[in-house]
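Asker: So that you have it, the file is structure20.pdb, and it contains PDB, C-alpha atoms:
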```pdb
MODEL        1
ATOM      1  CA  MET F   1      68.173 182.465  80.613
ATOM      2  CA  ARG F   2      68.369 178.687  80.870
ATOM      3  CA  ARG F   3      67.744 177.023  84.181
ATOM      4  CA  PRO F   4      70.632 174.884  85.495
ATOM      5  CA  ARG F   5      70.130 171.148  84.867
ATOM      6  CA  PRO F   6      69.537 168.969  87.921
ATOM      7  CA  PRO F   7      72.487 166.716  88.884
ATOM      8  CA  VAL F   8      72.636 163.445  86.936
ATOM      9  CA  ARG F   9      71.648 160.495  89.115
ATOM     10  CA  GLY F  10      73.195 157.048  88.744
ATOM     11  CA  LYS F  11      71.965 155.041  85.823
ATOM     12  CA  GLY F  12      72.580 151.485  84.675
ATOM     13  CA  LEU F  13      75.145 149.644  86.758
ATOM     14  CA  PHE F  14      75.677 152.684  88.942
ATOM     15  CA  SER F  15      72.053 152.937  90.009
ATOM     16  CA  GLY F  16      70.743 151.222  93.124
ATOM     17  CA  THR F  17      69.079 148.549  91.004
ATOM     18  CA  GLY F  18      72.272 147.959  89.055
ATOM     19  CA  LEU F  19      74.277 147.423  92.217
ATOM     20  CA  ILE F  20      71.751 144.862  93.421
ATOM     21  CA  ILE F  21      72.003 143.015  90.081
ATOM     22  CA  VAL F  22      75.805 142.988  90.263
ATOM     23  CA  CYS F  23      75.725 141.599  93.805
ATOM     24  CA  LEU F  24      73.270 138.890  92.827
ATOM     25  CA  ALA F  25      75.403 137.908  89.836
ATOM     26  CA  ALA F  26      78.515 137.671  92.015
ATOM     27  CA  THR F  27      76.657 135.496  94.492
ATOM     28  CA  MET F  28      75.480 133.141  91.751
ATOM     29  CA  CYS F  29      79.022 132.817  90.401
ATOM     30  CA  ALA F  30      80.307 131.950  93.861
ATOM     31  CA  LEU F  31      77.648 129.266  94.245
ATOM     32  CA  LEU F  32      78.084 127.766  90.800
ATOM     33  CA  TYR F  33      81.891 127.666  90.710
ATOM     34  CA  PRO F  34      82.325 124.569  92.930
ATOM     35  CA  VAL F  35      79.778 122.711  90.797
ATOM     36  CA  TRP F  36      81.503 123.747  87.564
ATOM     37  CA  SER F  37      84.935 122.895  88.903
ATOM     38  CA  TYR F  38      83.935 119.229  89.356
ATOM     39  CA  THR F  39      81.845 118.945  86.194
ATOM     40  CA  ASP F  40      83.172 116.483  83.601
ATOM     41  CA  ARG F  41      85.981 115.361  85.856
ATOM     42  CA  SER F  42      86.693 111.638  85.750
ATOM     43  CA  PRO F  43      86.229 109.822  89.040
ATOM     44  CA  ALA F  44      89.372 107.905  88.177
ATOM     45  CA  GLY F  45      91.356 111.056  88.794
ATOM     46  CA  VAL F  46      90.197 111.140  92.400
ATOM     47  CA  ASP F  47      90.925 107.418  92.776
ATOM     48  CA  VAL F  48      94.455 107.800  91.462
ATOM     49  CA  LEU F  49      95.208 110.474  94.036
ATOM     50  CA  GLY F  50      93.406 108.779  96.905
ATOM     51  CA  SER F  51      94.155 105.080  96.453
ATOM     52  CA  GLN F  52      96.627 104.753  93.563
ATOM     53  CA  THR F  53      93.962 103.344  91.249
ATOM     54  CA  VAL F  54      94.935 102.950  87.609
ATOM     55  CA  PRO F  55      92.802 101.925  84.620
ATOM     56  CA  THR F  56      93.311  98.544  82.953
ATOM     57  CA  ARG F  57      91.418  96.661  80.259
ATOM     58  CA  TYR F  58      90.023  94.434  83.046
ATOM     59  CA  GLY F  59      88.702  97.327  85.129
ATOM     60  CA  PRO F  60      90.263  99.762  87.619
ATOM     61  CA  LEU F  61      93.185  98.344  89.585
ATOM     62  CA  SER F  62      93.468  99.808  93.073
ATOM     63  CA  GLY F  63      96.397  99.929  95.455
ATOM     64  CA  LEU F  64      94.659  97.324  97.614
ATOM     65  CA  ASP F  65      94.243  95.049  94.565
ATOM     66  CA  ARG F  66      97.981  95.207  93.857
ATOM     67  CA  ASP F  67      98.782  94.670  97.525
ATOM     68  CA  PHE F  68      96.598  91.547  97.543
ATOM     69  CA  VAL F  69      98.168  90.080  94.390
ATOM     70  CA  THR F  70     101.673  90.688  95.724
ATOM     71  CA  LYS F  71     100.953  89.235  99.159
ATOM     72  CA  LEU F  72      99.313  86.195  97.611
ATOM     73  CA  ARG F  73     102.465  85.616  95.591
ATOM     74  CA  LEU F  74     104.586  86.037  98.746
ATOM     75  CA  ALA F  75     102.366  83.536 100.577
ATOM     76  CA  GLY F  76     103.023  80.886  97.947
ATOM     77  CA  LEU F  77     106.765  81.504  98.039
ATOM     78  CA  TRP F  78     107.037  80.264 101.623
ATOM     79  CA  GLU F  79     103.904  78.201 102.255
ATOM     80  CA  LEU F  80     104.622  75.894  99.333
ATOM     81  CA  PRO F  81     108.079  74.869 100.674
ATOM     82  CA  ALA F  82     106.591  74.657 104.180
ATOM     83  CA  GLY F  83     104.027  72.203 102.852
ATOM     84  CA  ARG F  84     106.713  70.098 101.180
ATOM     85  CA  GLN F  85     108.652  70.051 104.428
ATOM     86  CA  ALA F  86     105.610  68.965 106.462
ATOM     87  CA  ARG F  87     105.181  65.936 104.195
ATOM     88  CA  HIS F  88     108.268  64.307 105.702
ATOM     89  CA  LYS F  89     108.833  66.162 109.013
ATOM     90  CA  GLY F  90     105.311  65.872 110.357
ATOM     91  CA  THR F  91     105.010  63.193 113.036
ATOM     92  CA  THR F  92     101.281  62.575 112.464
ATOM     93  CA  ARG F  93      99.269  61.697 109.420
ATOM     94  CA  ALA F  94      97.167  64.847 109.926
ATOM     95  CA  VAL F  95     100.223  67.143 109.697
ATOM     96  CA  ARG F  96     101.526  65.351 106.629
ATOM     97  CA  THR F  97      98.089  65.610 105.010
ATOM     98  CA  ALA F  98      98.034  69.341 105.769
ATOM     99  CA  GLY F  99     101.356  69.558 103.944
ATOM    100  CA  ASP F 100      99.786  67.820 100.949
ATOM    101  CA  HIS F 101      96.971  70.374 100.878
ATOM    102  CA  LEU F 102      99.415  73.290 101.023
ATOM    103  CA  VAL F 103     101.513  71.912  98.167
ATOM    104  CA  GLU F 104      98.538  71.193  95.927
ATOM    105  CA  GLY F 105      96.673  74.415  96.712
ATOM    106  CA  HIS F 106      99.589  76.824  96.415
ATOM    107  CA  THR F 107     100.963  75.186  93.272
ATOM    108  CA  ARG F 108      97.660  75.870  91.540
ATOM    109  CA  LEU F 109      97.147  79.293  93.144
ATOM    110  CA  ASP F 110     100.673  80.514  92.406
ATOM    111  CA  ALA F 111     100.308  79.639  88.729
ATOM    112  CA  MET F 112      97.170  81.765  88.615
ATOM    113  CA  VAL F 113      98.894  84.639  90.447
ATOM    114  CA  ARG F 114     101.736  84.674  87.940
ATOM    115  CA  ALA F 115      99.299  84.699  85.034
ATOM    116  CA  VAL F 116      97.383  87.615  86.569
ATOM    117  CA  THR F 117     100.521  89.665  87.235
ATOM    118  CA  ALA F 118     101.632  89.099  83.629
ATOM    119  CA  ARG F 119      98.342  90.320  82.219
ATOM    120  CA  LEU F 120      98.267  93.365  84.488
ATOM    121  CA  GLY F 121     101.879  94.290  83.797
ATOM    122  CA  LEU F 122     102.928  93.825  87.434
ATOM    123  CA  VAL F 123     106.306  92.506  88.560
ATOM    124  CA  PRO F 124     105.762  89.834  91.261
ATOM    125  CA  PRO F 125     108.276  89.286  94.067
ATOM    126  CA  ASP F 126     110.686  86.396  93.598
ATOM    127  CA  GLY F 127     111.324  85.477  97.227
ATOM    128  CA  PRO F 128     109.637  85.510 100.659
ATOM    129  CA  ASP F 129     109.934  88.559 102.894
ATOM    130  CA  ALA F 130     111.944  88.749 106.127
ATOM    131  CA  GLN F 131     109.084  87.586 108.369
ATOM    132  CA  GLN F 132     108.355  84.596 106.152
ATOM    133  CA  ARG F 133     112.044  83.629 106.001
ATOM    134  CA  SER F 134     112.205  83.684 109.790
ATOM    135  CA  TRP F 135     109.175  81.360 109.962
ATOM    136  CA  LEU F 136     110.858  78.929 107.582
ATOM    137  CA  GLU F 137     114.011  79.025 109.712
ATOM    138  CA  GLU F 138     111.967  78.222 112.832
ATOM    139  CA  LEU F 139     110.356  75.267 111.087
ATOM    140  CA  ASP F 140     113.744  74.046 109.866
ATOM    141  CA  ALA F 141     115.048  74.037 113.444
ATOM    142  CA  ALA F 142     111.990  72.394 115.040
ATOM    143  CA  ARG F 143     111.779  68.653 115.593
ATOM    144  CA  GLY F 144     109.184  66.074 116.594
ATOM    145  CA  THR F 145     105.912  67.194 118.133
ATOM    146  CA  ASP F 146     107.341  70.688 118.588
ATOM    147  CA  TYR F 147     107.534  70.883 114.793
ATOM    148  CA  ASP F 148     103.906  69.763 114.475
ATOM    149  CA  ARG F 149     102.704  72.493 116.839
ATOM    150  CA  ARG F 150     104.842  75.213 115.326
ATOM    151  CA  PHE F 151     103.834  74.278 111.786
ATOM    152  CA  ALA F 152     100.119  74.317 112.632
ATOM    153  CA  ASP F 153     100.293  77.578 114.591
ATOM    154  CA  VAL F 154     102.319  79.719 112.201
ATOM    155  CA  LEU F 155     100.584  78.464 109.046
ATOM    156  CA  ARG F 156      97.139  78.893 110.607
ATOM    157  CA  LEU F 157      97.990  82.492 111.570
ATOM    158  CA  ALA F 158      99.304  83.298 108.089
ATOM    159  CA  HIS F 159      96.299  81.752 106.355
ATOM    160  CA  GLY F 160      93.867  83.599 108.594
ATOM    161  CA  ARG F 161      95.398  86.940 107.642
ATOM    162  CA  MET F 162      95.442  86.098 103.946
ATOM    163  CA  PHE F 163      91.844  84.885 104.050
ATOM    164  CA  THR F 164      90.757  88.199 105.602
ATOM    165  CA  LEU F 165      92.571  90.236 102.945
ATOM    166  CA  ALA F 166      91.176  88.109 100.110
ATOM    167  CA  ALA F 167      87.619  88.560 101.400
ATOM    168  CA  GLN F 168      88.107  92.328 101.720
ATOM    169  CA  VAL F 169      89.409  92.583  98.154
ATOM    170  CA  ARG F 170      86.692  90.304  96.769
ATOM    171  CA  ALA F 171      84.008  92.493  98.335
ATOM    172  CA  GLY F 172      85.206  95.718  96.720
ATOM    173  CA  THR F 173      87.458  95.144  93.713
ATOM    174  CA  ARG F 174      86.356  96.455  90.315
ATOM    175  CA  ASN F 175      88.967  94.444  88.412
ATOM    176  CA  SER F 176      87.699  91.195  86.869
ATOM    177  CA  LEU F 177      91.085  89.402  87.039
ATOM    178  CA  VAL F 178      91.565  90.281  90.692
ATOM    179  CA  ARG F 179      87.978  89.246  91.441
ATOM    180  CA  ASP F 180      88.502  85.779  89.933
ATOM    181  CA  LEU F 181      91.818  85.430  91.745
ATOM    182  CA  ALA F 182      90.192  86.363  95.062
ATOM    183  CA  ASP F 183      87.515  83.699  94.514
ATOM    184  CA  VAL F 184      90.144  80.973  94.162
ATOM    185  CA  ALA F 185      92.239  82.385  97.008
ATOM    186  CA  ILE F 186      89.286  82.359  99.420
ATOM    187  CA  THR F 187      88.455  78.736  98.575
ATOM    188  CA  THR F 188      92.090  77.640  98.856
ATOM    189  CA  GLU F 189      92.828  79.535 102.064
ATOM    190  CA  LEU F 190      89.677  78.194 103.725
ATOM    191  CA  ASP F 191      90.616  74.622 102.811
ATOM    192  CA  HIS F 192      94.055  75.141 104.321
ATOM    193  CA  ILE F 193      92.610  76.694 107.468
ATOM    194  CA  ARG F 194      90.377  73.689 107.966
ATOM    195  CA  VAL F 195      93.071  71.088 107.376
ATOM    196  CA  LEU F 196      95.497  72.903 109.702
ATOM    197  CA  GLU F 197      92.886  73.010 112.440
ATOM    198  CA  ALA F 198      92.195  69.306 111.842
ATOM    199  CA  THR F 199      95.734  68.506 113.018
ATOM    200  CA  GLY F 200      94.640  69.296 116.567
ATOM    201  CA  ASP F 201      97.858  71.279 117.062
ATOM    202  CA  VAL F 202      96.520  74.830 116.641
ATOM    203  CA  ASP F 203      96.689  76.899 119.822
ATOM    204  CA  PHE F 204      93.487  78.919 119.450
ATOM    205  CA  GLU F 205      94.205  81.090 122.491
ATOM    206  CA  ALA F 206      97.587  82.140 121.112
ATOM    207  CA  LEU F 207      96.047  82.612 117.688
ATOM    208  CA  ALA F 208      93.414  84.987 119.085
ATOM    209  CA  ARG F 209      96.097  86.977 120.907
ATOM    210  CA  GLU F 210      98.166  87.292 117.742
ATOM    211  CA  LEU F 211      95.214  88.419 115.647
ATOM    212  CA  ASN F 212      93.896  90.834 118.278
ATOM    213  CA  GLY F 213      97.358  92.191 118.947
ATOM    214  CA  ALA F 214      97.645  93.142 115.290
ATOM    215  CA  GLY F 215      94.804  95.642 115.837
ATOM    216  CA  THR F 216      94.123  96.800 112.316
ATOM    217  CA  PRO F 217      94.941  94.852 109.143
ATOM    218  CA  PRO F 218      98.457  95.351 107.769
ATOM    219  CA  ALA F 219      98.850  98.615 105.880
ATOM    220  CA  VAL F 220      98.727  98.508 102.130
ATOM    221  CA  THR F 221     102.198  98.306 100.649
ATOM    222  CA  HIS F 222     102.598 100.898  97.915
ATOM    223  CA  PHE F 223     103.990  99.130  94.887
ATOM    224  CA  PRO F 224     104.750 100.822  91.542
ATOM    225  CA  VAL F 225     101.827 101.039  89.167
ATOM    226  CA  PRO F 226     101.814  98.650  86.195
ATOM    227  CA  LEU F 227     104.254  99.498  83.442
ATOM    228  CA  ASP F 228     101.470  99.626  80.861
ATOM    229  CA  PRO F 229      98.191  99.280  82.763
ATOM    230  CA  THR F 230      95.856  99.745  79.791
ATOM    231  CA  THR F 231      97.355  97.020  77.669
ATOM    232  CA  GLY F 232      99.767  94.973  79.731
ATOM    233  CA  PRO F 233     101.676  91.975  78.430
ATOM    234  CA  ALA F 234      99.481  89.198  77.146
ATOM    235  CA  GLY F 235     100.858  86.540  79.467
ATOM    236  CA  GLY F 236      99.057  83.313  80.152
ATOM    237  CA  VAL F 237      95.333  83.298  80.654
ATOM    238  CA  PRO F 238      94.586  82.661  84.316
ATOM    239  CA  THR F 239      92.340  79.696  84.773
ATOM    240  CA  ALA F 240      90.307  78.979  87.865
ATOM    241  CA  PRO F 241      89.944  75.336  88.838
ATOM    242  CA  GLY F 242      86.836  73.741  87.451
ATOM    243  CA  PRO F 243      84.187  71.721  89.279
ATOM    244  CA  GLY F 244      85.625  68.943  91.367
ATOM    245  CA  ALA F 245      89.088  70.495  91.349
ATOM    246  CA  SER F 246      89.230  70.839  95.128
ATOM    247  CA  PRO F 247      92.165  69.105  96.842
ATOM    248  CA  SER F 248      91.973  65.346  96.384
ATOM    249  CA  TYR F 249      93.579  64.572  99.725
ATOM    250  CA  PRO F 250      91.116  63.458 102.413
ATOM    251  CA  LEU F 251      90.596  65.699 105.415
ATOM    252  CA  PRO F 252      91.532  63.709 108.538
ATOM    253  CA  PRO F 253      89.407  63.971 111.697
ATOM    254  CA  ALA F 254      90.716  66.387 114.294
ATOM    255  CA  THR F 255      92.726  64.689 117.003
ATOM    256  CA  SER F 256      91.309  67.147 119.516
ATOM    257  CA  SER F 257      88.488  69.647 119.348
ATOM    258  CA  PRO F 258      89.166  73.378 119.492
ATOM    259  CA  PRO F 259      87.994  75.162 122.627
ATOM    260  CA  PRO F 260      84.397  76.459 122.478
TER     261      PRO F 260
ENDMDL
END
```
Just give me the structure of the file as structure tokens.

Answerer:
Amino acid sequence: MRRPRPPVRGKGLFSGTGLIIVCLAATMCALLYPVWSYTDRSPAGVDVLGSQTVPTRYGPLSGLDRDFVTKLRLAGLWELPAGRQARHKGTTRAVRTAGDHLVEGHTRLDAMVRAVTARLGLVPPDGPDAQQRSWLEELDAARGTDYDRRFADVLRLAHGRMFTLAAQVRAGTRNSLVRDLADVAITTELDHIRVLEATGDVDFEALARELNGAGTPPAVTHFPVPLDPTTGPAGGVPTAPGPGASPSYPLPPATSSPPP
């Protein structure tokens, strides 16, 4: 008579060792999945979601880059006519000279902006915004020394904001066209800041209040991405001014010194 066989104990995956192996494998999968999920993903994909960055033949173009190019174009659309106006409405030589600097600088800078927007496939604005139109209306209505003060104050405030944005973009942009444009913008804006301050009409206390009251820099305006960012229309080749191309108008001495 055969003896009854002992009960079959777990083997393979059903044994104690097998269960341990299964648990270890599951743990490894859980640890490796996040790494795998980001492997071979392009960083541009994250940029597009986070900052509206798009690829171009000149390097990535971020939302801040496009905001800078657009605002630089807007600046020229009202600061250029303001400069022309100051040439004949200014009551002092210093104010009229500041107008000369604005006309010369923004004529050159705006041509470069339009060339850059053409090459990047961007559509630049064709008129100043509401705030800039209101500033032009104020200048139109002002007369005499009141015009001199208003011109110096509002243009100095606008140039200070644009200078800050240009420096921020220049420090971080990865687009070669935007980088070159920021270089010229910084030089031009700084020249205009200096010549406006040289009028002696800038109210530095009011300027500080305006800038501090703004708190943080203006938010980036979300403009549509380029129509064809990888190729873009050929457009004109932007050219930066060469050596000695700084404004030819002399910088007059300040009629009064700014407060310490």

Asker: Tell me which residues the PyMOL selection byres ((chain F and resi 76) around 10) grabs here, as a list of chain:residue names.

Answerer: F:Lys71, F:Leu72, F:Arg73, F:Leu74, F:Ala75, F:Leu77, F:Trp78, F:Glu79, F:Leu80, F:Pro81, F:Ala82, F:Leu102, F:Val103, F:Gly105, F:His106, F:Thr107, F:Arg108, F:Leu109, F:Asp110, F:Ala111, F:Val113, F:Gly127, F:Pro128

Asker: Any idea what the distance is between CA of Ala198 in chain F and CA of Arg179 in chain F?

Answerer: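 Distance between the two atoms: 28.8 Å.
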
Asker: On this structure, which residues satisfy the PyMOL selection byres ((chain F and resi 186-197) around 9), written as a PyMOL selection string?

Answerer: chain F and resi 94-95+97-99+101-102+105-106+109+151-153+155-157+159-160+162-164+166-167+170+181-185+198-202+246-247+251-252+254+257-258

Asker: What is the CA of Thr53 in chain F-CA of Gln168 in chain F distance in Å, reported with one decimal?

Answerer: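 Pair CA of Thr53 in chain F / CA of Gln168 in chain F returns 16.3 Å.
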
Asker: With distances taken over only C-alpha atoms, which of F:Asp146, F:Glu104, F:Asp140, F:Asp203 is nearest to Gln85 in chain F?

Answerer: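 Counting only C-alpha atoms, the residue closest to Gln85 in chain F is F:Asp140.
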
Asker: Between CA of Thr70 in chain F and CA of Phe204 in chain F, what is the distance, to one decimal in Å?

Answerer: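 Separation of CA of Thr70 in chain F and CA of Phe204 in chain F: 27.7 Å.
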
Asker: Return as AutoDock Vina command-line options the box centre and box size in Å, one decimal, for an axis-aligned box around all listed atoms of range 67-72 of chain F padded by 8 Å per side.

Answerer:
```
--center_x 99.1 --center_y 90.4 --center_z 96.8 --size_x 21.1 --size_y 24.5 --size_z 20.8
```

Asker: Out of F:Gly121, F:Thr91, F:Asp129, F:Leu177, which residue has the shortest atom-to-atom distance to Gly144 in chain F when counting all atoms listed in the file?

Answerer: F:Thr91

Asker: Compare F:Thr92, F:Gln52, F:Asn212, F:Ser134 by their minimum atom-to-atom distance to Asp65 in chain F, counting all atoms listed in the file, and give me the closest one.

Answerer: F:Gln52

Asker: Using the chain letters and numbers from the file, which residues does the PyMOL selection byres ((chain F and resi 174) around 9) grab, as an MDAnalysis selection string?

Answerer: chainID F and resid 58:62 170 172:173 175:176 178:179

Asker: Is there a way to complete range 131-142 of chain F with all heavy atoms and then write that out as a PDB file, in the frame of the given file?

Answerer:
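Result written to selection33.pdb:
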```pdb
ATOM      1  N   GLN F 131     109.907  88.307 107.400  1.00  0.00           N
ATOM      2  CA  GLN F 131     109.084  87.586 108.369  1.00  0.00           C
ATOM      3  C   GLN F 131     108.874  86.139 107.928  1.00  0.00           C
ATOM      4  O   GLN F 131     108.976  85.198 108.728  1.00  0.00           O
ATOM      5  CB  GLN F 131     107.732  88.282 108.514  1.00  0.00           C
ATOM      6  CG  GLN F 131     106.732  87.536 109.404  1.00  0.00           C
ATOM      7  CD  GLN F 131     107.146  87.510 110.861  1.00  0.00           C
ATOM      8  OE1 GLN F 131     106.962  88.489 111.565  1.00  0.00           O
ATOM      9  NE2 GLN F 131     107.710  86.407 111.317  1.00  0.00           N
ATOM     10  N   GLN F 132     108.593  85.946 106.666  1.00  0.00           N
ATOM     11  CA  GLN F 132     108.355  84.596 106.152  1.00  0.00           C
ATOM     12  C   GLN F 132     109.633  83.758 106.177  1.00  0.00           C
ATOM     13  O   GLN F 132     109.587  82.553 106.472  1.00  0.00           O
ATOM     14  CB  GLN F 132     107.792  84.686 104.733  1.00  0.00           C
ATOM     15  CG  GLN F 132     106.404  85.310 104.701  1.00  0.00           C
ATOM     16  CD  GLN F 132     105.997  85.817 103.333  1.00  0.00           C
ATOM     17  OE1 GLN F 132     106.844  86.016 102.452  1.00  0.00           O
ATOM     18  NE2 GLN F 132     104.706  86.033 103.133  1.00  0.00           N
ATOM     19  N   ARG F 133     110.772  84.363 105.913  1.00  0.00           N
ATOM     20  CA  ARG F 133     112.044  83.629 106.001  1.00  0.00           C
ATOM     21  C   ARG F 133     112.325  83.190 107.429  1.00  0.00           C
ATOM     22  O   ARG F 133     112.822  82.082 107.661  1.00  0.00           O
ATOM     23  CB  ARG F 133     113.192  84.497 105.465  1.00  0.00           C
ATOM     24  CG  ARG F 133     113.169  84.693 103.963  1.00  0.00           C
ATOM     25  CD  ARG F 133     114.504  85.226 103.448  1.00  0.00           C
ATOM     26  NE  ARG F 133     114.849  86.512 104.034  1.00  0.00           N
ATOM     27  CZ  ARG F 133     114.485  87.692 103.535  1.00  0.00           C
ATOM     28  NH1 ARG F 133     113.755  87.738 102.417  1.00  0.00           N
ATOM     29  NH2 ARG F 133     114.847  88.823 104.110  1.00  0.00           N
ATOM     30  N   SER F 134     111.976  84.052 108.389  1.00  0.00           N
ATOM     31  CA  SER F 134     112.205  83.684 109.790  1.00  0.00           C
ATOM     32  C   SER F 134     111.308  82.524 110.197  1.00  0.00           C
ATOM     33  O   SER F 134     111.717  81.650 110.968  1.00  0.00           O
ATOM     34  CB  SER F 134     111.968  84.894 110.704  1.00  0.00           C
ATOM     35  OG  SER F 134     110.594  85.224 110.790  1.00  0.00           O
ATOM     36  N   TRP F 135     110.055  82.484 109.669  1.00  0.00           N
ATOM     37  CA  TRP F 135     109.175  81.360 109.962  1.00  0.00           C
ATOM     38  C   TRP F 135     109.743  80.058 109.386  1.00  0.00           C
ATOM     39  O   TRP F 135     109.695  79.015 110.039  1.00  0.00           O
ATOM     40  CB  TRP F 135     107.786  81.629 109.398  1.00  0.00           C
ATOM     41  CG  TRP F 135     106.976  82.589 110.214  1.00  0.00           C
ATOM     42  CD1 TRP F 135     107.136  82.868 111.536  1.00  0.00           C
ATOM     43  CD2 TRP F 135     105.887  83.389 109.759  1.00  0.00           C
ATOM     44  NE1 TRP F 135     106.208  83.797 111.938  1.00  0.00           N
ATOM     45  CE2 TRP F 135     105.432  84.132 110.875  1.00  0.00           C
ATOM     46  CE3 TRP F 135     105.260  83.551 108.517  1.00  0.00           C
ATOM     47  CZ2 TRP F 135     104.368  85.019 110.783  1.00  0.00           C
ATOM     48  CZ3 TRP F 135     104.204  84.438 108.429  1.00  0.00           C
ATOM     49  CH2 TRP F 135     103.752  85.168 109.547  1.00  0.00           C
ATOM     50  N   LEU F 136     110.267  80.120 108.177  1.00  0.00           N
ATOM     51  CA  LEU F 136     110.858  78.929 107.582  1.00  0.00           C
ATOM     52  C   LEU F 136     112.073  78.453 108.382  1.00  0.00           C
ATOM     53  O   LEU F 136     112.292  77.243 108.551  1.00  0.00           O
ATOM     54  CB  LEU F 136     111.263  79.213 106.132  1.00  0.00           C
ATOM     55  CG  LEU F 136     110.126  79.281 105.104  1.00  0.00           C
ATOM     56  CD1 LEU F 136     110.651  79.731 103.753  1.00  0.00           C
ATOM     57  CD2 LEU F 136     109.413  77.931 104.981  1.00  0.00           C
ATOM     58  N   GLU F 137     112.855  79.395 108.895  1.00  0.00           N
ATOM     59  CA  GLU F 137     114.011  79.025 109.712  1.00  0.00           C
ATOM     60  C   GLU F 137     113.569  78.337 111.004  1.00  0.00           C
ATOM     61  O   GLU F 137     114.195  77.369 111.465  1.00  0.00           O
ATOM     62  CB  GLU F 137     114.841  80.270 110.027  1.00  0.00           C
ATOM     63  CG  GLU F 137     115.575  80.836 108.816  1.00  0.00           C
ATOM     64  CD  GLU F 137     116.184  82.203 109.084  1.00  0.00           C
ATOM     65  OE1 GLU F 137     116.053  82.684 110.242  1.00  0.00           O
ATOM     66  OE2 GLU F 137     116.778  82.787 108.160  1.00  0.00           O
ATOM     67  N   GLU F 138     112.489  78.852 111.620  1.00  0.00           N
ATOM     68  CA  GLU F 138     111.967  78.222 112.832  1.00  0.00           C
ATOM     69  C   GLU F 138     111.507  76.795 112.554  1.00  0.00           C
ATOM     70  O   GLU F 138     111.752  75.882 113.354  1.00  0.00           O
ATOM     71  CB  GLU F 138     110.803  79.044 113.384  1.00  0.00           C
ATOM     72  CG  GLU F 138     111.204  80.373 113.989  1.00  0.00           C
ATOM     73  CD  GLU F 138     109.996  81.147 114.507  1.00  0.00           C
ATOM     74  OE1 GLU F 138     108.982  80.501 114.846  1.00  0.00           O
ATOM     75  OE2 GLU F 138     110.063  82.384 114.555  1.00  0.00           O
ATOM     76  N   LEU F 139     110.832  76.603 111.433  1.00  0.00           N
ATOM     77  CA  LEU F 139     110.356  75.267 111.087  1.00  0.00           C
ATOM     78  C   LEU F 139     111.521  74.333 110.774  1.00  0.00           C
ATOM     79  O   LEU F 139     111.470  73.134 111.091  1.00  0.00           O
ATOM     80  CB  LEU F 139     109.395  75.347 109.895  1.00  0.00           C
ATOM     81  CG  LEU F 139     108.059  76.048 110.164  1.00  0.00           C
ATOM     82  CD1 LEU F 139     107.243  76.152 108.873  1.00  0.00           C
ATOM     83  CD2 LEU F 139     107.259  75.318 111.235  1.00  0.00           C
ATOM     84  N   ASP F 140     112.563  74.867 110.151  1.00  0.00           N
ATOM     85  CA  ASP F 140     113.744  74.046 109.866  1.00  0.00           C
ATOM     86  C   ASP F 140     114.379  73.536 111.162  1.00  0.00           C
ATOM     87  O   ASP F 140     114.855  72.391 111.225  1.00  0.00           O
ATOM     88  CB  ASP F 140     114.786  74.859 109.087  1.00  0.00           C
ATOM     89  CG  ASP F 140     114.410  75.048 107.619  1.00  0.00           C
ATOM     90  OD1 ASP F 140     113.591  74.239 107.115  1.00  0.00           O
ATOM     91  OD2 ASP F 140     114.906  76.004 106.994  1.00  0.00           O
ATOM     92  N   ALA F 141     114.383  74.390 112.187  1.00  0.00           N
ATOM     93  CA  ALA F 141     115.048  74.037 113.444  1.00  0.00           C
ATOM     94  C   ALA F 141     114.198  73.144 114.341  1.00  0.00           C
ATOM     95  O   ALA F 141     114.732  72.442 115.208  1.00  0.00           O
ATOM     96  CB  ALA F 141     115.433  75.310 114.203  1.00  0.00           C
ATOM     97  N   ALA F 142     112.890  73.154 114.160  1.00  0.00           N
ATOM     98  CA  ALA F 142     111.990  72.394 115.040  1.00  0.00           C
ATOM     99  C   ALA F 142     112.029  70.910 114.716  1.00  0.00           C
ATOM    100  O   ALA F 142     112.270  70.510 113.572  1.00  0.00           O
ATOM    101  CB  ALA F 142     110.566  72.930 114.915  1.00  0.00           C
TER     102      ALA F 142
END
```
